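Text of structure01.cif, listed as mmCIF, C-alpha atoms:
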data_coords
#
loop_
_atom_site.group_PDB
_atom_site.id
_atom_site.type_symbol
_atom_site.label_atom_id
_atom_site.label_comp_id
_atom_site.auth_asym_id
_atom_site.auth_seq_id
_atom_site.Cartn_x
_atom_site.Cartn_y
_atom_site.Cartn_z
ATOM 1 C CA MET B 1 -13.007 -5.488 -19.937
ATOM 2 C CA THR B 2 -10.756 -4.037 -22.611
ATOM 3 C CA GLN B 3 -6.997 -3.987 -22.325
ATOM 4 C CA ARG B 4 -7.115 -0.194 -21.991
ATOM 5 C CA VAL B 5 -9.518 -0.417 -19.029
ATOM 6 C CA GLU B 6 -7.448 -3.170 -17.448
ATOM 7 C CA LEU B 7 -4.279 -1.104 -17.845
ATOM 8 C CA ALA B 8 -5.996 1.927 -16.285
ATOM 9 C CA ALA B 9 -7.089 -0.221 -13.318
ATOM 10 C CA VAL B 10 -3.525 -1.488 -12.832
ATOM 11 C CA MET B 11 -2.161 2.060 -13.037
ATOM 12 C CA ASP B 12 -4.714 3.229 -10.435
ATOM 13 C CA ARG B 13 -3.759 0.353 -8.133
ATOM 14 C CA LEU B 14 -0.084 1.284 -8.419
ATOM 15 C CA ALA B 15 -0.848 4.964 -7.764
ATOM 16 C CA VAL B 16 -2.949 4.127 -4.691
ATOM 17 C CA ASP B 17 -0.226 1.803 -3.405
ATOM 18 C CA GLY B 18 2.310 4.612 -3.864
ATOM 19 C CA LEU B 19 0.058 7.030 -1.958
ATOM 20 C CA ILE B 20 -0.218 4.652 1.011
ATOM 21 C CA THR B 21 3.544 4.112 0.993
ATOM 22 C CA ASP B 22 4.121 7.890 0.832
ATOM 23 C CA TYR B 23 1.828 8.243 3.872
ATOM 24 C CA ALA B 24 3.938 5.786 5.902
ATOM 25 C CA VAL B 25 7.216 7.395 4.828
ATOM 26 C CA ALA B 26 5.991 10.935 5.620
ATOM 27 C CA VAL B 27 4.990 9.904 9.154
ATOM 28 C CA ASP B 28 8.150 7.887 9.779
ATOM 29 C CA ASP B 29 10.417 10.652 8.441
ATOM 30 C CA GLY B 30 8.490 13.440 10.170
ATOM 31 C CA ASP B 31 7.876 15.207 6.854
ATOM 32 C CA TRP B 32 4.684 17.018 7.837
ATOM 33 C CA ALA B 33 4.564 19.171 4.701
ATOM 34 C CA ALA B 34 4.577 15.997 2.581
ATOM 35 C CA TYR B 35 1.970 14.475 4.924
ATOM 36 C CA ARG B 36 -0.372 17.438 4.362
ATOM 37 C CA GLU B 37 0.091 17.244 0.574
ATOM 38 C CA LEU B 38 -1.189 13.659 0.544
ATOM 39 C CA PHE B 39 -4.673 14.834 1.558
ATOM 40 C CA THR B 40 -7.510 16.568 -0.234
ATOM 41 C CA SER B 41 -8.154 20.182 0.785
ATOM 42 C CA ASP B 42 -10.922 18.968 3.126
ATOM 43 C CA GLY B 43 -8.963 15.902 4.292
ATOM 44 C CA ARG B 44 -9.370 14.529 7.796
ATOM 45 C CA ALA B 45 -7.544 12.071 10.033
ATOM 46 C CA ASP B 46 -8.701 10.187 13.118
ATOM 47 C CA TYR B 47 -6.081 8.832 15.529
ATOM 48 C CA ARG B 48 -8.352 8.675 18.602
ATOM 49 C CA SER B 49 -8.130 4.893 19.036
ATOM 50 C CA ALA B 50 -4.350 5.286 19.441
ATOM 51 C CA GLY B 51 -4.705 8.041 22.038
ATOM 52 C CA GLY B 52 -4.616 10.871 19.517
ATOM 53 C CA ILE B 53 -6.983 13.388 18.019
ATOM 54 C CA GLU B 54 -9.408 13.675 15.107
ATOM 55 C CA GLY B 55 -9.794 16.620 12.785
ATOM 56 C CA GLU B 56 -8.756 18.404 9.634
ATOM 57 C CA VAL B 57 -5.361 17.461 8.274
ATOM 58 C CA GLY B 58 -3.542 20.674 9.264
ATOM 59 C CA LYS B 59 -4.568 20.336 12.902
ATOM 60 C CA VAL B 60 -3.719 16.633 12.975
ATOM 61 C CA ALA B 61 -0.344 17.165 11.266
ATOM 62 C CA ALA B 62 0.578 19.761 13.911
ATOM 63 C CA TRP B 63 -0.415 17.312 16.650
ATOM 64 C CA LEU B 64 1.599 14.502 15.011
ATOM 65 C CA GLU B 65 4.641 16.758 14.659
ATOM 66 C CA GLU B 66 4.576 17.460 18.387
ATOM 67 C CA SER B 67 3.690 13.966 19.622
ATOM 68 C CA MET B 68 6.126 12.092 17.359
ATOM 69 C CA ARG B 69 9.029 13.943 18.989
ATOM 70 C CA LEU B 70 8.663 11.366 21.769
ATOM 71 C CA PHE B 71 10.202 8.799 19.437
ATOM 72 C CA SER B 72 13.757 8.871 18.085
ATOM 73 C CA MET B 73 12.948 6.128 15.566
ATOM 74 C CA ARG B 74 9.743 5.236 13.728
ATOM 75 C CA GLN B 75 9.222 2.623 11.081
ATOM 76 C CA HIS B 76 5.709 1.576 10.418
ATOM 77 C CA LEU B 77 4.816 -1.074 7.934
ATOM 78 C CA ILE B 78 1.473 -1.100 6.126
ATOM 79 C CA VAL B 79 0.518 -4.574 4.894
ATOM 80 C CA ASN B 80 -2.456 -6.689 3.757
ATOM 81 C CA ARG B 81 -3.860 -3.839 1.681
ATOM 82 C CA ARG B 82 -7.418 -4.396 0.457
ATOM 83 C CA LEU B 83 -8.452 -1.930 -2.223
ATOM 84 C CA ARG B 84 -11.937 -1.283 -3.587
ATOM 85 C CA PHE B 85 -12.757 1.355 -6.165
ATOM 86 C CA GLY B 86 -16.055 3.211 -5.901
ATOM 87 C CA VAL B 87 -18.274 5.491 -7.911
ATOM 88 C CA LEU B 88 -18.587 9.268 -7.705
ATOM 89 C CA GLU B 89 -21.150 11.048 -9.897
ATOM 90 C CA GLN B 90 -21.633 7.878 -11.963
ATOM 91 C CA ASP B 91 -17.980 7.753 -13.089
ATOM 92 C CA ARG B 92 -16.306 4.450 -12.198
ATOM 93 C CA GLY B 93 -13.150 4.585 -10.181
ATOM 94 C CA ASP B 94 -13.152 8.150 -8.819
ATOM 95 C CA THR B 95 -13.093 6.972 -5.216
ATOM 96 C CA ALA B 96 -11.272 4.191 -3.449
ATOM 97 C CA ARG B 97 -11.284 2.591 -0.027
ATOM 98 C CA VAL B 98 -8.223 0.869 1.365
ATOM 99 C CA GLN B 99 -8.190 -1.231 4.507
ATOM 100 C CA ALA B 100 -4.703 -2.187 5.581
ATOM 101 C CA ASP B 101 -3.058 -3.577 8.675
ATOM 102 C CA TYR B 102 -0.056 -1.906 10.239
ATOM 103 C CA VAL B 103 2.765 -2.742 12.614
ATOM 104 C CA ASN B 104 4.566 0.244 14.060
ATOM 105 C CA PRO B 105 7.848 -0.334 15.937
ATOM 106 C CA MET B 106 9.261 2.825 17.510
ATOM 107 C CA ARG B 107 12.065 3.796 19.881
ATOM 108 C CA LEU B 108 11.328 6.224 22.710
ATOM 109 C CA ALA B 109 13.642 9.239 22.686
ATOM 110 C CA ALA B 110 13.747 9.595 26.489
ATOM 111 C CA GLY B 111 17.209 9.690 28.001
ATOM 112 C CA GLY B 112 18.972 10.594 24.784
ATOM 113 C CA ALA B 113 19.861 6.957 24.068
ATOM 114 C CA PRO B 114 20.803 6.238 20.460
ATOM 115 C CA ALA B 115 18.130 4.626 18.306
ATOM 116 C CA THR B 116 18.573 0.890 18.497
ATOM 117 C CA ALA B 117 15.894 -1.764 18.796
ATOM 118 C CA PRO B 118 12.304 -0.572 19.213
ATOM 119 C CA ASP B 119 10.920 -0.462 22.731
ATOM 120 C CA PHE B 120 7.371 0.560 21.813
ATOM 121 C CA VAL B 121 5.365 -1.408 19.256
ATOM 122 C CA CYS B 122 1.729 -1.137 18.231
ATOM 123 C CA GLY B 123 -0.465 -2.534 15.521
ATOM 124 C CA GLY B 124 -3.896 -2.201 14.062
ATOM 125 C CA ARG B 125 -5.792 -1.295 10.932
ATOM 126 C CA TYR B 126 -6.030 1.782 8.742
ATOM 127 C CA THR B 127 -9.075 2.684 6.716
ATOM 128 C CA PHE B 128 -8.269 5.153 3.943
ATOM 129 C CA GLU B 129 -10.971 6.902 1.928
ATOM 130 C CA LEU B 130 -9.366 8.207 -1.268
ATOM 131 C CA LEU B 131 -10.424 10.560 -4.033
ATOM 132 C CA ARG B 132 -9.053 10.954 -7.535
ATOM 133 C CA THR B 133 -8.171 14.639 -8.047
ATOM 134 C CA GLU B 134 -6.529 16.642 -10.814
ATOM 135 C CA ASP B 135 -3.273 16.097 -8.898
ATOM 136 C CA GLY B 136 -3.765 12.320 -8.654
ATOM 137 C CA TRP B 137 -5.092 10.193 -5.816
ATOM 138 C CA ARG B 138 -5.378 11.922 -2.438
ATOM 139 C CA VAL B 139 -6.521 10.915 1.048
ATOM 140 C CA ARG B 140 -9.957 12.273 1.914
ATOM 141 C CA GLU B 141 -9.937 10.553 5.315
ATOM 142 C CA VAL B 142 -7.807 8.120 7.278
ATOM 143 C CA VAL B 143 -9.027 6.356 10.414
ATOM 144 C CA VAL B 144 -6.641 4.434 12.650
ATOM 145 C CA GLN B 145 -7.986 1.513 14.658
ATOM 146 C CA GLU B 146 -5.231 0.501 17.059
ATOM 147 C CA LYS B 147 -5.709 -3.121 18.116
ATOM 148 C CA TRP B 148 -2.707 -3.696 20.383
ATOM 149 C CA ARG B 149 0.354 -2.062 21.869
ATOM 150 C CA ARG B 150 3.450 -3.161 23.776
ATOM 151 C CA GLN B 151 5.200 -0.519 25.832
ATOM 152 C CA PRO B 152 8.553 -0.546 27.674
ATOM 153 C CA GLY B 153 8.442 -2.865 30.666
ATOM 154 C CA GLN B 154 5.845 -5.186 29.124
ATOM 155 C CA ASP B 155 6.899 -8.568 27.871
ATOM 156 C CA ALA B 156 5.294 -10.208 24.869
ATOM 157 C CA THR B 157 2.866 -12.225 27.032
ATOM 158 C CA ASP B 158 1.276 -9.203 28.769
#
For the structure just supplied, provide its representation as structure tokens.
Amino acid sequence: MTQRVELAAVMDRLAVDGLITDYAVAVDDGDWAAYRELFTSDGRADYRSAGGIEGEVGKVAAWLEESMRLFSMRQHLIVNRRLRFGVLEQDRGDTARVQADYVNPMRLAAGGAPATAPDFVCGGRYTFELLRTEDGWRVREVVVQEKWRRQPGQDATD
């Protein structure tokens, strides 16, 4: 591998990492316009394992906007990112797949209490299918696989 190719691979890794971070920040901040911009024009999202919906990004963003109003505070962390570049039309590196674990502490908004410690926490794994576009890396599809959840009234041993 030449230094130029190695540098390009590092730059792609940094760009993909930034895209995944932007995804988390858009959801946590409720910036649904920014969320939509992270996807390709035919982008899709699947939140069914977490009790949500699956579909094209505009429909899912509208659902997220409504459902996330239940929480006065959101802060999800995406960790253990595994990145693999793929091949599209024989050009190396035009696609990527990221599997990453998440932990998502949130605070329910019910009762108008100020946001303090989280009272709802869930975790699982994301699978992102990414595509290099003229505008940079974009999400073609994200699938959420929720593995666990702790709701108010449950202790850590439930």
(request) Would you mind reading off the distance between CA of Asp119 (chain B) and CA of Ala61 (chain B), one decimal, in Å? (result)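 Answer for the CA of Asp119 (chain B) to CA of Ala61 (chain B) separation: 23.9 Å.
When the PyMOL selection byres ((chain B and resi 105) around 7) is run on the displayed coordinates, the residues it returns are Arg74, Gln75, His76, Val103, Asn104, Met106, Pro118, Phe120, Val121 and Cys122 of chain B.
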(request) Find the distance between CA of Met73 (chain B) and CA of Pro152 (chain B) and write it in Å to one decimal. (result)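 Rounded to one decimal, the two atoms are 14.5 Å apart.
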(message) For the provided coordinates, the residues matched by the PyMOL selection byres ((chain B and resi 13-17) around 12) should be stated as a ChimeraX atom specification.
(response) /B:6-12,18-24,38,78-85,93-100,128-132,135-139
Suppose a student applies the PyMOL selection byres ((chain B and resi 47-53) around 8) to this structure; what residues should they get, written as a short mmCIF file (atom, residue, chain, number, x, y, z; two decimals) with C-alpha atoms, keeping the file's coordinate frame?
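The result, written out as selection-v8.cif:
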data_model
loop_
_atom_site.label_atom_id
_atom_site.label_comp_id
_atom_site.auth_asym_id
_atom_site.auth_seq_id
_atom_site.Cartn_x
_atom_site.Cartn_y
_atom_site.Cartn_z
CA ALA B 45 -7.54 12.07 10.03
CA ASP B 46 -8.70 10.19 13.12
CA GLU B 54 -9.41 13.68 15.11
CA GLY B 55 -9.79 16.62 12.78
CA VAL B 60 -3.72 16.63 12.98
CA TRP B 63 -0.42 17.31 16.65
CA VAL B 143 -9.03 6.36 10.41
CA VAL B 144 -6.64 4.43 12.65
CA GLN B 145 -7.99 1.51 14.66
CA GLU B 146 -5.23 0.50 17.06
#
(request) Give me, please, the distance in Å between CA of Ser41 (chain B) and CA of Glu56 (chain B), quoted to one decimal. (result)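 Taking CA of Ser41 (chain B) and CA of Glu56 (chain B), their separation equals 9.0 Å.
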(request) Tell me, as a list in words, which residues lie within 9 Å of Glu65 (chain B), counting all atoms listed in the file; anything in the same chain fewer than 3 positions away does not count. (result)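 These residues fall inside the cut-off: Val27, Gly30, Asp31, Trp32, Val60, Ala61, Ala62, Met68 and Arg69 of chain B.
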Selection file, C-alpha atoms, as a PDB file, in the frame of the given file:
ATOM      1  CA  VAL B  27       4.990   9.904   9.154  1.00  0.00           C
ATOM      2  CA  GLY B  30       8.490  13.440  10.170  1.00  0.00           C
ATOM      3  CA  ASP B  31       7.876  15.207   6.854  1.00  0.00           C
ATOM      4  CA  TRP B  32       4.684  17.018   7.837  1.00  0.00           C
ATOM      5  CA  VAL B  60      -3.719  16.633  12.975  1.00  0.00           C
ATOM      6  CA  ALA B  61      -0.344  17.165  11.266  1.00  0.00           C
ATOM      7  CA  ALA B  62       0.578  19.761  13.911  1.00  0.00           C
ATOM      8  CA  MET B  68       6.126  12.092  17.359  1.00  0.00           C
ATOM      9  CA  ARG B  69       9.029  13.943  18.989  1.00  0.00           C
TER      10      ARG B  69
END
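The residue that comes closest to Leu64 (chain B), out of B:Arg140, B:Arg150, B:Arg36, B:Arg107 and on the basis of all atoms listed in the file, is B:Arg36.
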(request) Return the single residue from B:Leu77, B:Phe39, B:Ala110, B:Gly153 that is closest to Arg125 (chain B), with distances computed using all atoms listed in the file. (result)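 Looking at the shortest contact to Arg125 (chain B), the residue is B:Leu77.
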